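Q: Quick one, structure_20.cif (mmCIF, C-alpha atoms):
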```cif
data_query
#
loop_
_atom_site.group_PDB
_atom_site.id
_atom_site.type_symbol
_atom_site.label_atom_id
_atom_site.label_comp_id
_atom_site.auth_asym_id
_atom_site.auth_seq_id
_atom_site.Cartn_x
_atom_site.Cartn_y
_atom_site.Cartn_z
ATOM 1 C CA MET A 124 -109.006 100.393 77.547
ATOM 2 C CA ASN A 125 -108.002 96.783 78.063
ATOM 3 C CA ARG A 126 -110.327 94.463 76.122
ATOM 4 C CA VAL A 127 -110.899 91.356 78.236
ATOM 5 C CA LEU A 128 -112.642 88.123 77.293
ATOM 6 C CA VAL A 129 -113.886 86.213 80.351
ATOM 7 C CA THR A 130 -114.997 82.659 79.616
ATOM 8 C CA GLY A 131 -117.467 81.369 82.164
ATOM 9 C CA GLY A 132 -118.189 84.998 82.973
ATOM 10 C CA ALA A 133 -121.738 84.244 84.143
ATOM 11 C CA GLY A 134 -120.477 81.791 86.744
ATOM 12 C CA PHE A 135 -119.404 82.315 90.334
ATOM 13 C CA VAL A 136 -115.793 83.440 89.899
ATOM 14 C CA GLY A 137 -116.436 84.965 86.491
ATOM 15 C CA SER A 138 -119.315 87.245 87.484
ATOM 16 C CA ASN A 139 -117.429 88.447 90.556
ATOM 17 C CA LEU A 140 -114.394 89.241 88.388
ATOM 18 C CA VAL A 141 -116.521 91.035 85.788
ATOM 19 C CA ARG A 142 -117.981 93.279 88.491
ATOM 20 C CA GLN A 143 -114.538 94.108 89.814
ATOM 21 C CA LEU A 144 -113.156 94.886 86.351
ATOM 22 C CA LEU A 145 -116.082 97.161 85.523
ATOM 23 C CA ALA A 146 -115.790 98.917 88.876
ATOM 24 C CA ALA A 147 -112.135 99.701 88.134
ATOM 25 C CA GLY A 148 -113.312 101.435 84.956
ATOM 26 C CA ASN A 149 -110.409 100.664 82.631
ATOM 27 C CA SER A 150 -111.538 97.447 80.923
ATOM 28 C CA GLU A 151 -114.018 96.582 78.198
ATOM 29 C CA VAL A 152 -115.412 93.176 79.149
ATOM 30 C CA VAL A 153 -116.771 90.459 76.864
ATOM 31 C CA VAL A 154 -118.317 87.372 78.472
ATOM 32 C CA MET A 155 -118.393 83.981 76.767
ATOM 33 C CA ASP A 156 -120.685 81.465 78.462
ATOM 34 C CA ASP A 157 -122.996 78.669 77.334
ATOM 35 C CA PHE A 158 -125.101 79.121 80.508
ATOM 36 C CA SER A 159 -125.015 75.417 81.312
ATOM 37 C CA THR A 160 -124.238 76.339 84.921
ATOM 38 C CA GLY A 161 -123.676 80.101 84.832
ATOM 39 C CA LEU A 162 -126.723 82.345 85.220
ATOM 40 C CA LYS A 163 -127.729 85.249 83.002
ATOM 41 C CA SER A 164 -129.107 86.929 86.112
ATOM 42 C CA ASN A 165 -125.523 87.194 87.427
ATOM 43 C CA LEU A 166 -124.822 89.714 84.656
ATOM 44 C CA GLU A 167 -128.013 91.759 84.850
ATOM 45 C CA GLY A 168 -127.346 95.492 84.833
ATOM 46 C CA LEU A 169 -123.682 95.081 83.846
ATOM 47 C CA GLU A 170 -122.289 96.751 80.717
ATOM 48 C CA VAL A 171 -120.826 93.666 79.066
ATOM 49 C CA GLN A 172 -121.058 92.046 75.663
ATOM 50 C CA ILE A 173 -122.301 88.456 75.973
ATOM 51 C CA ILE A 174 -121.346 85.669 73.566
ATOM 52 C CA GLU A 175 -123.482 82.593 74.200
ATOM 53 C CA GLU A 176 -121.342 79.757 72.857
ATOM 54 C CA ASP A 177 -119.656 76.535 73.948
ATOM 55 C CA ILE A 178 -115.853 76.680 74.266
ATOM 56 C CA SER A 179 -115.536 73.042 73.159
ATOM 57 C CA ASN A 180 -117.185 73.823 69.804
ATOM 58 C CA GLN A 181 -114.371 74.684 67.413
ATOM 59 C CA ALA A 182 -116.950 75.993 64.939
ATOM 60 C CA ALA A 183 -118.203 78.623 67.406
ATOM 61 C CA SER A 184 -118.224 82.056 65.801
ATOM 62 C CA ILE A 185 -115.815 83.563 68.319
ATOM 63 C CA PHE A 186 -112.979 81.407 67.017
ATOM 64 C CA SER A 187 -113.323 82.700 63.461
ATOM 65 C CA SER A 188 -114.175 86.288 64.404
ATOM 66 C CA LYS A 189 -111.715 89.108 63.775
ATOM 67 C CA ASP A 190 -112.441 90.610 67.189
ATOM 68 C CA LYS A 191 -109.290 91.198 69.248
ATOM 69 C CA TYR A 192 -108.716 90.619 72.955
ATOM 70 C CA ASP A 193 -105.827 91.952 74.998
ATOM 71 C CA THR A 194 -106.508 89.389 77.713
ATOM 72 C CA ILE A 195 -108.350 86.075 77.822
ATOM 73 C CA VAL A 196 -109.353 84.937 81.314
ATOM 74 C CA HIS A 197 -110.308 81.304 80.930
ATOM 75 C CA LEU A 198 -112.617 80.325 83.809
ATOM 76 C CA ALA A 199 -115.148 78.195 81.916
ATOM 77 C CA ALA A 200 -115.005 74.528 82.881
ATOM 78 C CA ARG A 201 -117.085 71.461 83.479
ATOM 79 C CA GLY A 202 -116.549 71.288 87.212
ATOM 80 C CA SER A 203 -117.053 68.738 89.999
ATOM 81 C CA VAL A 204 -115.295 65.464 90.718
ATOM 82 C CA PRO A 205 -118.546 63.413 90.972
ATOM 83 C CA ARG A 206 -119.771 64.917 87.710
ATOM 84 C CA SER A 207 -116.557 63.850 85.940
ATOM 85 C CA LEU A 208 -116.947 60.312 87.250
ATOM 86 C CA LYS A 209 -120.443 60.216 85.785
ATOM 87 C CA ASN A 210 -119.406 61.549 82.372
ATOM 88 C CA PRO A 211 -115.604 61.718 81.881
ATOM 89 C CA VAL A 212 -115.811 62.277 78.121
ATOM 90 C CA ALA A 213 -117.844 65.471 78.525
ATOM 91 C CA THR A 214 -115.363 66.707 81.132
ATOM 92 C CA THR A 215 -112.454 66.152 78.749
ATOM 93 C CA SER A 216 -114.261 67.822 75.867
ATOM 94 C CA VAL A 217 -114.886 71.048 77.772
ATOM 95 C CA ASN A 218 -111.806 71.236 79.973
ATOM 96 C CA VAL A 219 -109.150 70.072 77.505
ATOM 97 C CA ILE A 220 -110.463 70.645 73.970
ATOM 98 C CA GLY A 221 -112.155 73.873 75.054
ATOM 99 C CA THR A 222 -108.895 75.133 76.538
ATOM 100 C CA GLN A 223 -106.969 74.356 73.359
ATOM 101 C CA ASN A 224 -109.583 76.203 71.286
ATOM 102 C CA LEU A 225 -109.073 79.279 73.453
ATOM 103 C CA LEU A 226 -105.293 78.943 73.286
ATOM 104 C CA GLU A 227 -105.606 79.072 69.493
ATOM 105 C CA LEU A 228 -107.621 82.272 69.876
ATOM 106 C CA ALA A 229 -104.906 83.667 72.167
ATOM 107 C CA ARG A 230 -102.230 82.683 69.638
ATOM 108 C CA LYS A 231 -104.092 84.521 66.877
ATOM 109 C CA ASN A 232 -104.448 87.654 69.025
ATOM 110 C CA ASN A 233 -101.208 87.408 71.030
ATOM 111 C CA SER A 234 -103.465 87.704 74.071
ATOM 112 C CA HIS A 235 -102.334 87.439 77.670
ATOM 113 C CA PHE A 236 -103.849 84.070 78.649
ATOM 114 C CA ILE A 237 -104.959 83.573 82.263
ATOM 115 C CA PHE A 238 -105.986 80.040 83.152
ATOM 116 C CA SER A 239 -107.777 78.602 86.177
ATOM 117 C CA SER A 240 -106.553 75.135 87.069
ATOM 118 C CA SER A 241 -107.300 73.240 90.282
ATOM 119 C CA SER A 242 -105.562 71.940 93.383
ATOM 120 C CA SER A 243 -107.110 68.574 92.532
ATOM 121 C CA VAL A 244 -104.170 67.943 90.178
ATOM 122 C CA TYR A 245 -102.037 67.029 93.232
ATOM 123 C CA GLY A 246 -104.375 64.105 93.912
ATOM 124 C CA LYS A 247 -102.484 61.164 95.368
ATOM 125 C CA ASN A 248 -99.635 63.395 96.521
ATOM 126 C CA LEU A 249 -100.570 63.738 100.191
ATOM 127 C CA GLN A 250 -97.761 66.115 101.190
ATOM 128 C CA ILE A 251 -99.051 69.154 103.101
ATOM 129 C CA PRO A 252 -98.758 72.053 102.537
ATOM 130 C CA LYS A 253 -98.821 72.016 98.752
ATOM 131 C CA VAL A 254 -95.973 73.625 96.826
ATOM 132 C CA GLU A 255 -96.099 74.347 93.112
ATOM 133 C CA THR A 256 -93.119 72.074 92.421
ATOM 134 C CA HIS A 257 -94.731 68.998 94.021
ATOM 135 C CA TRP A 258 -95.387 65.998 91.772
ATOM 136 C CA LEU A 259 -98.894 65.563 90.403
ATOM 137 C CA HIS A 260 -101.067 62.455 90.448
ATOM 138 C CA PRO A 261 -104.685 63.207 89.443
ATOM 139 C CA LEU A 262 -107.210 60.785 90.927
ATOM 140 C CA THR A 263 -110.285 61.603 88.839
ATOM 141 C CA PRO A 264 -111.191 62.566 85.263
ATOM 142 C CA TYR A 265 -111.816 66.139 86.427
ATOM 143 C CA ALA A 266 -108.342 66.409 87.973
ATOM 144 C CA ALA A 267 -106.766 64.776 84.916
ATOM 145 C CA SER A 268 -108.530 67.232 82.604
ATOM 146 C CA LYS A 269 -107.130 70.161 84.555
ATOM 147 C CA ALA A 270 -103.604 68.696 84.538
ATOM 148 C CA ALA A 271 -103.854 68.122 80.785
ATOM 149 C CA ALA A 272 -105.102 71.658 80.208
ATOM 150 C CA GLU A 273 -102.205 73.006 82.293
ATOM 151 C CA ALA A 274 -99.803 71.123 80.038
ATOM 152 C CA TYR A 275 -101.392 72.669 76.947
ATOM 153 C CA VAL A 276 -101.138 76.168 78.416
ATOM 154 C CA LEU A 277 -97.462 75.694 79.231
ATOM 155 C CA ALA A 278 -96.752 74.105 75.845
ATOM 156 C CA TYR A 279 -98.436 76.938 73.920
ATOM 157 C CA SER A 280 -96.534 79.495 75.969
ATOM 158 C CA ASN A 281 -93.238 77.783 75.182
ATOM 159 C CA SER A 282 -94.010 77.044 71.531
ATOM 160 C CA PHE A 283 -95.779 80.249 70.491
ATOM 161 C CA GLU A 284 -94.579 82.769 73.105
ATOM 162 C CA ILE A 285 -98.066 83.366 74.464
ATOM 163 C CA PRO A 286 -97.858 85.366 77.727
ATOM 164 C CA ILE A 287 -99.533 83.299 80.444
ATOM 165 C CA SER A 288 -100.629 83.389 84.068
ATOM 166 C CA LEU A 289 -101.516 79.892 85.264
ATOM 167 C CA PHE A 290 -103.261 79.627 88.627
ATOM 168 C CA ARG A 291 -104.354 76.590 90.603
ATOM 169 C CA PHE A 292 -107.545 77.420 92.468
ATOM 170 C CA PHE A 293 -108.215 75.709 95.778
ATOM 171 C CA ASN A 294 -111.644 75.922 97.487
ATOM 172 C CA ILE A 295 -113.154 79.292 96.613
ATOM 173 C CA PHE A 296 -116.299 80.544 98.313
ATOM 174 C CA GLY A 297 -118.348 83.704 98.616
ATOM 175 C CA PRO A 298 -121.333 85.650 97.230
ATOM 176 C CA TRP A 299 -122.933 84.622 93.924
ATOM 177 C CA GLN A 300 -121.917 80.962 94.351
ATOM 178 C CA ARG A 301 -124.757 78.594 93.426
ATOM 179 C CA PRO A 302 -126.060 76.355 96.229
ATOM 180 C CA ASP A 303 -128.906 74.830 94.312
ATOM 181 C CA HIS A 304 -127.741 71.793 92.380
ATOM 182 C CA ILE A 305 -126.249 68.414 93.186
ATOM 183 C CA TYR A 306 -122.697 69.467 92.287
ATOM 184 C CA SER A 307 -122.623 72.656 94.360
ATOM 185 C CA ALA A 308 -119.551 73.343 96.492
ATOM 186 C CA VAL A 309 -119.776 72.560 100.185
ATOM 187 C CA ILE A 310 -120.033 76.068 101.693
ATOM 188 C CA PRO A 311 -122.946 77.449 99.629
ATOM 189 C CA LYS A 312 -124.740 74.097 99.801
ATOM 190 C CA TRP A 313 -124.449 73.942 103.603
ATOM 191 C CA ILE A 314 -125.452 77.566 104.129
ATOM 192 C CA TRP A 315 -128.485 77.086 101.885
ATOM 193 C CA ARG A 316 -129.559 73.907 103.649
ATOM 194 C CA ALA A 317 -129.055 75.506 107.076
ATOM 195 C CA MET A 318 -131.189 78.479 106.038
ATOM 196 C CA ASN A 319 -133.943 76.074 104.988
ATOM 197 C CA ASP A 320 -133.710 73.966 108.156
ATOM 198 C CA LYS A 321 -132.395 70.919 106.287
ATOM 199 C CA GLU A 322 -129.782 68.463 107.472
ATOM 200 C CA ILE A 323 -126.269 68.656 106.025
ATOM 201 C CA GLU A 324 -124.330 65.542 105.090
ATOM 202 C CA ILE A 325 -120.591 65.020 105.544
ATOM 203 C CA PHE A 326 -118.871 62.323 103.512
ATOM 204 C CA GLY A 327 -116.307 60.855 105.918
ATOM 205 C CA ASP A 328 -115.588 61.767 109.523
ATOM 206 C CA GLY A 329 -115.392 65.527 108.968
ATOM 207 C CA GLN A 330 -111.709 65.733 109.817
ATOM 208 C CA GLN A 331 -110.787 66.319 106.169
ATOM 209 C CA THR A 332 -109.461 69.835 105.556
ATOM 210 C CA ARG A 333 -109.567 72.387 102.770
ATOM 211 C CA ASP A 334 -107.742 75.639 102.041
ATOM 212 C CA PHE A 335 -110.849 77.795 101.707
ATOM 213 C CA THR A 336 -110.208 81.056 99.837
ATOM 214 C CA TYR A 337 -112.619 83.992 99.801
ATOM 215 C CA ILE A 338 -113.699 85.100 96.332
ATOM 216 C CA GLU A 339 -112.543 88.695 96.838
ATOM 217 C CA SER A 340 -108.939 87.541 97.260
ATOM 218 C CA VAL A 341 -109.168 85.513 94.059
ATOM 219 C CA THR A 342 -110.696 88.217 91.887
ATOM 220 C CA GLU A 343 -108.288 90.848 93.186
ATOM 221 C CA THR A 344 -105.388 88.577 92.203
ATOM 222 C CA LEU A 345 -106.864 88.037 88.748
ATOM 223 C CA ARG A 346 -107.626 91.738 88.272
ATOM 224 C CA THR A 347 -104.058 92.644 89.215
ATOM 225 C CA SER A 348 -102.729 90.074 86.781
ATOM 226 C CA ILE A 349 -104.903 91.522 84.013
ATOM 227 C CA LEU A 350 -104.213 95.208 84.568
ATOM 228 C CA GLU A 351 -100.489 94.808 85.254
ATOM 229 C CA ARG A 352 -100.150 92.082 82.599
ATOM 230 C CA LYS A 353 -98.444 90.025 85.256
ATOM 231 C CA THR A 354 -97.059 86.829 83.762
ATOM 232 C CA PHE A 355 -94.849 84.067 85.120
ATOM 233 C CA ASP A 356 -93.363 80.714 84.210
ATOM 234 C CA GLY A 357 -95.012 77.606 85.585
ATOM 235 C CA THR A 358 -98.008 77.503 87.902
ATOM 236 C CA VAL A 359 -99.031 79.441 91.009
ATOM 237 C CA ASN A 360 -101.306 78.120 93.748
ATOM 238 C CA LEU A 361 -103.990 80.730 94.402
ATOM 239 C CA ALA A 362 -104.694 80.086 98.072
ATOM 240 C CA PHE A 363 -103.337 81.599 101.258
ATOM 241 C CA GLY A 364 -102.634 78.726 103.639
ATOM 242 C CA ASN A 365 -105.934 78.216 105.456
ATOM 243 C CA ARG A 366 -106.536 74.717 106.759
ATOM 244 C CA ILE A 367 -110.125 74.403 107.891
ATOM 245 C CA SER A 368 -111.727 71.039 108.667
ATOM 246 C CA LEU A 369 -115.333 70.354 107.764
ATOM 247 C CA ASN A 370 -116.110 69.808 111.438
ATOM 248 C CA GLN A 371 -114.650 73.234 112.260
ATOM 249 C CA MET A 372 -116.866 74.775 109.618
ATOM 250 C CA VAL A 373 -119.899 73.038 111.091
ATOM 251 C CA GLU A 374 -119.183 74.667 114.453
ATOM 252 C CA LEU A 375 -118.903 78.094 112.823
ATOM 253 C CA LEU A 376 -122.217 77.544 111.042
ATOM 254 C CA LYS A 377 -123.878 76.440 114.282
ATOM 255 C CA ALA A 378 -123.059 79.842 115.766
ATOM 256 C CA GLU A 379 -125.361 81.304 113.091
ATOM 257 C CA PHE A 380 -127.762 78.359 112.809
ATOM 258 C CA PRO A 381 -127.995 76.737 116.283
ATOM 259 C CA LYS A 382 -130.491 74.078 115.140
ATOM 260 C CA LEU A 383 -128.230 72.824 112.349
ATOM 261 C CA ARG A 384 -128.422 69.028 111.984
ATOM 262 C CA VAL A 385 -125.473 66.977 110.698
ATOM 263 C CA SER A 386 -125.173 63.404 109.450
ATOM 264 C CA TYR A 387 -122.116 61.430 108.343
ATOM 265 C CA ALA A 388 -121.843 59.100 105.357
ATOM 266 C CA LYS A 389 -119.147 56.984 103.723
ATOM 267 C CA PRO A 390 -116.304 58.921 102.038
ATOM 268 C CA ARG A 391 -116.835 59.637 98.347
ATOM 269 C CA HIS A 392 -114.590 58.051 95.764
ATOM 270 C CA GLY A 393 -111.975 60.496 94.472
ATOM 271 C CA ASP A 394 -112.204 63.012 97.326
ATOM 272 C CA VAL A 395 -108.858 64.266 98.628
ATOM 273 C CA LEU A 396 -108.403 64.015 102.393
ATOM 274 C CA ASP A 397 -106.485 67.243 103.051
ATOM 275 C CA SER A 398 -105.602 70.356 101.083
ATOM 276 C CA GLN A 399 -103.537 73.367 102.083
ATOM 277 C CA ASN A 400 -101.268 75.680 100.119
ATOM 278 C CA GLU A 401 -97.851 76.989 101.088
ATOM 279 C CA PRO A 402 -98.540 80.625 100.111
ATOM 280 C CA SER A 403 -95.024 82.055 99.786
ATOM 281 C CA LEU A 404 -95.121 82.295 96.001
ATOM 282 C CA ILE A 405 -98.572 83.869 95.651
ATOM 283 C CA LYS A 406 -97.756 86.403 98.373
ATOM 284 C CA SER A 407 -94.452 87.353 96.736
ATOM 285 C CA LEU A 408 -96.071 87.838 93.318
ATOM 286 C CA PHE A 409 -99.135 89.704 94.613
ATOM 287 C CA PRO A 410 -98.051 91.463 97.808
ATOM 288 C CA LYS A 411 -100.916 93.984 97.652
ATOM 289 C CA VAL A 412 -103.575 91.269 97.858
ATOM 290 C CA LYS A 413 -104.501 90.884 101.526
ATOM 291 C CA PRO A 414 -106.574 87.714 102.031
ATOM 292 C CA LYS A 415 -109.678 88.007 104.167
ATOM 293 C CA PRO A 416 -109.764 85.762 107.268
ATOM 294 C CA PHE A 417 -111.959 82.701 106.764
ATOM 295 C CA GLU A 418 -114.418 83.575 109.541
ATOM 296 C CA ALA A 419 -115.010 87.070 108.133
ATOM 297 C CA GLY A 420 -115.474 85.742 104.617
ATOM 298 C CA LEU A 421 -117.893 83.081 105.831
ATOM 299 C CA GLN A 422 -119.966 85.672 107.689
ATOM 300 C CA GLU A 423 -120.147 87.913 104.608
ATOM 301 C CA THR A 424 -121.225 84.919 102.535
ATOM 302 C CA ILE A 425 -123.983 83.989 105.000
ATOM 303 C CA GLU A 426 -125.250 87.569 105.005
ATOM 304 C CA TRP A 427 -125.273 87.669 101.193
ATOM 305 C CA PHE A 428 -127.322 84.460 101.036
ATOM 306 C CA LYS A 429 -129.823 85.801 103.541
ATOM 307 C CA GLU A 430 -130.232 89.017 101.573
ATOM 308 C CA ASN A 431 -130.519 87.277 98.199
ATOM 309 C CA SER A 432 -132.350 84.051 99.016
ATOM 310 C CA HIS A 433 -135.313 85.116 96.873
ATOM 311 C CA GLN A 434 -133.088 85.004 93.760
ATOM 312 C CA ILE A 435 -131.998 81.387 94.254
ATOM 313 C CA VAL A 436 -134.021 78.842 92.310
ATOM 314 C CA ASP A 437 -133.569 75.093 92.514
ATOM 315 C CA GLY A 438 -131.906 73.996 89.266
ATOM 316 C CA SER A 439 -130.819 70.521 90.314
ATOM 317 C CA THR A 440 -132.753 68.749 87.572
ATOM 318 C CA MET A 441 -131.026 70.759 84.851
ATOM 319 C CA ILE A 442 -127.442 69.721 85.679
ATOM 320 C CA ASP A 443 -126.342 66.496 83.973
#
```
Now that the file is in, can you turn its structure into structure tokens?

A:
Amino acid sequence: MNRVLVTGGAGFVGSNLVRQLLAAGNSEVVVMDDFSTGLKSNLEGLEVQIIEEDISNQAASIFSSKDKYDTIVHLAARGSVPRSLKNPVATTSVNVIGTQNLLELARKNNSHFIFSSSSSVYGKNLQIPKVETHWLHPLTPYAASKAAAEAYVLAYSNSFEIPISLFRFFNIFGPWQRPDHIYSAVIPKWIWRAMNDKEIEIFGDGQQTRDFTYIESVTETLRTSILERKTFDGTVNLAFGNRISLNQMVELLKAEFPKLRVSYAKPRHGDVLDSQNEPSLIKSLFPKVKPKPFEAGLQETIEWFKENSHQIVDGSTMID
């Protein structure tokens, strides 16, 4: 059995990964989450050990425990560009100090360390599509925290021979993604508002594009990396070359919600105009992972929200 620690395991990506690992049947899973954004309900009925602690707290019991982990999948983060603009110090504490704390745990255990960075690190570099060797210029505290954490992961790998897999996530979507607070990602937020006959708001003209990646493709890549102990030097963009504009997505949603209303507002500070990955590297490293077409993934996500709408509770006032 492979003993896996998943930080942020009660969140969107984490809970989906935990389910996939348990379904495969060859991993013992431990979840570390402070439940600041992740939901305990995401783990209901799953045979996992839960450690409720904050990764940025060096005095947390997990860091002094003698428990061993073959793999640490580090997904916990203080997400959202607007949130980092509101409180950059908190973003740094979780995303940088928290990552170093977990790297120390990996060093103690000689764990395979899998880290989730972000495409936001490219920032001011407007070249499309994105390639892993492109220069980085973070535009926001969130992006800077991810770039700094990447540097720590690479430095620990080089200095202490920690085996690593360092992925840059793009725009992931799918079931179990929260739509119900002010920092929710665009797809769950728009689906939720459309289901409740509320207007959606686009910041900018809607021509901005994103490389939307269905959650199943992400978790299958992570699971393969865990079970095959697949490591590599440098970073890998975990996205498959979609380039979908927000206006295109609106049209797809209107096919399901014909009465959908849309308004346009001024662009938000720090938002990147376009994002798309050049997927040659990810496809060469994980040839068995077959990404789901965007339209099919969007339809599955809509259906999941319709079936599970009763479980979604507005938590907007609890997110600082």

Q: Which residues fall under the PyMOL selection byres ((chain A and resi 201) around 6) in this file, as a short mmCIF file (atom, residue, chain, number, x, y, z; two decimals) with C-alpha atoms, keeping the file's coordinate frame?

A:
```
data_model
loop_
_atom_site.label_atom_id
_atom_site.label_comp_id
_atom_site.auth_asym_id
_atom_site.auth_seq_id
_atom_site.Cartn_x
_atom_site.Cartn_y
_atom_site.Cartn_z
CA ALA A 200 -115.00 74.53 82.88
CA GLY A 202 -116.55 71.29 87.21
CA THR A 214 -115.36 66.71 81.13
#
```

Q: What does the distance between CA of Ala229 in chain A and CA of Ser282 in chain A come to in Å, to one decimal place?

A: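 For CA of Ala229 in chain A relative to CA of Ser282 in chain A, the distance reads 12.8 Å.
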
Q: Please provide as a ChimeraX atom specification all residues within 8 Å of Glu401 in chain A, with the sequence filter that same-chain residues fewer than 6 positions apart are discarded (counting only C-alpha atoms).

A: /A:252-254,363-364

Q: Generate the output file for the selected residues, C-alpha atoms, as a short mmCIF file (atom, residue, chain, number, x, y, z; two decimals), keeping the file's coordinate frame.

A:
```cif
data_model
loop_
_atom_site.label_atom_id
_atom_site.label_comp_id
_atom_site.auth_asym_id
_atom_site.auth_seq_id
_atom_site.Cartn_x
_atom_site.Cartn_y
_atom_site.Cartn_z
CA PRO A 252 -98.76 72.05 102.54
CA LYS A 253 -98.82 72.02 98.75
CA VAL A 254 -95.97 73.62 96.83
CA PHE A 363 -103.34 81.60 101.26
CA GLY A 364 -102.63 78.73 103.64
#
```

Q: Which one is closest to Asp303 in chain A: A:Phe335, A:Asn180, A:Phe428, A:Phe238? Count all atoms listed in the file.

A: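 Using all atoms listed in the file, Asp303 in chain A sits closest to A:Phe428.
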
Q: Given the PyMOL selection byres ((chain A and resi 342-359) around 8) and the file above, list the residues it selects as an NGL selection string.

A: :A and (125 or 136 or 139-140 or 143-144 or 194 or 235 or 255 or 277 or 286-291 or 338-341 or 360-361 or 404-405 or 409 or 412)

Q: Quick one: everything within 9 Å of Phe293 in chain A, counting only C-alpha atoms, minus sequence neighbours fewer than 4 positions away in the same chain. Send it as a PyMOL selection string.

A: chain A and resi 240-243+333-336+360-362+398-400

Q: So which residues get picked by the PyMOL selection byres ((chain A and resi 195) around 10) here, written as a list in words?

A: Arg126, Val127, Leu128, Val129, Thr130, Val153, Tyr192, Asp193, Thr194, Val196, His197, Leu198, Leu225, Leu226, Leu228, Ala229, Asn232, Asn233, Ser234, His235, Phe236, Ile237, Phe238, Ile287 and Ile349 of chain A

Q: Nearest to Ser207 in chain A among A:Leu249, A:Leu262, A:Val152, A:Leu166, with distances taken over all atoms listed in the file: which residue is it?

A: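 Once distances to Ser207 in chain A are computed over all atoms listed in the file, the minimum belongs to A:Leu262.
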
Q: From (-104.9, 66.5, 85.8), in the file's coordinates, out to 12 Å: which residues are reached, counting all atoms listed in the file? Answer as a PyMOL selection string.

A: chain A and resi 204+207+214-215+218-219+240-247+258-275+291

Q: Range 291-299 of chain A, all listed atoms, 3 Å padding on each side: what axis-aligned box centre and edge lengths in Å to one decimal come out, as JSON?

A:
```
{"center_x": -113.6, "center_y": 80.7, "center_z": 94.6, "size_x": 24.6, "size_y": 15.9, "size_z": 14.0}
```

Q: For a quick check of understanding, using only C-alpha atoms, which of A:Ile285, A:Val212, A:Val141, A:Ala317 has the smallest distance to Arg230 in chain A?

A: A:Ile285

Q: Nearest to Asn248 in chain A: which of A:Ile185, A:Asp397, A:Gly161, A:Trp299 is it, counting all atoms listed in the file?

A: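 Of A:Ile185, A:Asp397, A:Gly161, A:Trp299, the one nearest Asn248 in chain A is A:Asp397, counting all atoms listed in the file.
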
Q: Could you check how far CA of Phe158 in chain A sits from CA of Ser239 in chain A, in Å to one decimal?

A: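 CA of Phe158 in chain A sits 18.2 Å away from CA of Ser239 in chain A.
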
Q: Which of these residues is nearest to Gln250 in chain A, using all atoms listed in the file: A:Val395, A:Leu369, A:Leu145, A:Gly132?

A: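 Looking only at the distances to Gln250 in chain A, the closest residue turns out to be A:Val395.
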
Q: For Ser386 in chain A, please output as number ranges by chain all residues within 7 Å (counting only C-alpha atoms; exclusion window: fewer than 2 positions along the same chain).

A: A: 323-325, 384, 388

Q: Given the choices A:Asn365, A:Ser403, A:Gln371, A:Asn224, which gets closest to Lys415 in chain A if the distance is worked out from all atoms listed in the file?

A: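 Of A:Asn365, A:Ser403, A:Gln371, A:Asn224, the one nearest Lys415 in chain A is A:Asn365, counting all atoms listed in the file.
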
Q: What is the distance between CA of Lys377 in chain A and CA of Arg316 in chain A, in Å to one decimal?

A: 12.3 Å

Q: Env of Pro298 in chain A: 9 Å cut, atoms = all atoms listed in the file, seq-sep filter 4 positions within chain, self excluded. Answer as a VMD selection string.

A: chain A and resid 135 139 311 338 423 to 428

Q: Could you pull the residues within 9 Å of Leu421 in chain A, counting all atoms listed in the file, minus those fewer than 6 positions along the same chain, as an mmCIF file with C-alpha atoms, keeping the file's coordinate frame?

A:
```
data_model
loop_
_atom_site.group_PDB
_atom_site.id
_atom_site.type_symbol
_atom_site.label_atom_id
_atom_site.label_comp_id
_atom_site.auth_asym_id
_atom_site.auth_seq_id
_atom_site.Cartn_x
_atom_site.Cartn_y
_atom_site.Cartn_z
ATOM 1 C CA PHE A 296 -116.299 80.544 98.313
ATOM 2 C CA GLY A 297 -118.348 83.704 98.616
ATOM 3 C CA ILE A 310 -120.033 76.068 101.693
ATOM 4 C CA TYR A 337 -112.619 83.992 99.801
ATOM 5 C CA LEU A 375 -118.903 78.094 112.823
ATOM 6 C CA LEU A 376 -122.217 77.544 111.042
#
```

Q: Please complete range 129-135 of chain A with N, CA and C atoms and give it back as a PDB file, keeping the file's coordinate frame.

A:
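And here's part.pdb as it stands now:
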```pdb
ATOM      1  N   VAL A 129    -113.775  87.069  79.170  1.00  0.00           N
ATOM      2  CA  VAL A 129    -113.886  86.213  80.351  1.00  0.00           C
ATOM      3  C   VAL A 129    -114.766  85.029  79.983  1.00  0.00           C
ATOM      4  N   THR A 130    -114.177  83.847  79.861  1.00  0.00           N
ATOM      5  CA  THR A 130    -114.997  82.659  79.616  1.00  0.00           C
ATOM      6  C   THR A 130    -115.565  82.186  80.955  1.00  0.00           C
ATOM      7  N   GLY A 131    -116.807  81.706  80.905  1.00  0.00           N
ATOM      8  CA  GLY A 131    -117.467  81.369  82.164  1.00  0.00           C
ATOM      9  C   GLY A 131    -117.794  82.600  82.977  1.00  0.00           C
ATOM     10  N   GLY A 132    -117.982  83.717  82.288  1.00  0.00           N
ATOM     11  CA  GLY A 132    -118.189  84.998  82.973  1.00  0.00           C
ATOM     12  C   GLY A 132    -119.518  85.137  83.686  1.00  0.00           C
ATOM     13  N   ALA A 133    -120.457  84.212  83.431  1.00  0.00           N
ATOM     14  CA  ALA A 133    -121.738  84.244  84.143  1.00  0.00           C
ATOM     15  C   ALA A 133    -121.730  83.325  85.361  1.00  0.00           C
ATOM     16  N   GLY A 134    -120.598  82.670  85.593  1.00  0.00           N
ATOM     17  CA  GLY A 134    -120.477  81.791  86.744  1.00  0.00           C
ATOM     18  C   GLY A 134    -120.062  82.523  88.003  1.00  0.00           C
ATOM     19  N   PHE A 135    -119.729  81.766  89.015  1.00  0.00           N
ATOM     20  CA  PHE A 135    -119.404  82.315  90.334  1.00  0.00           C
ATOM     21  C   PHE A 135    -118.166  83.211  90.289  1.00  0.00           C
TER      22      PHE A 135
END
```
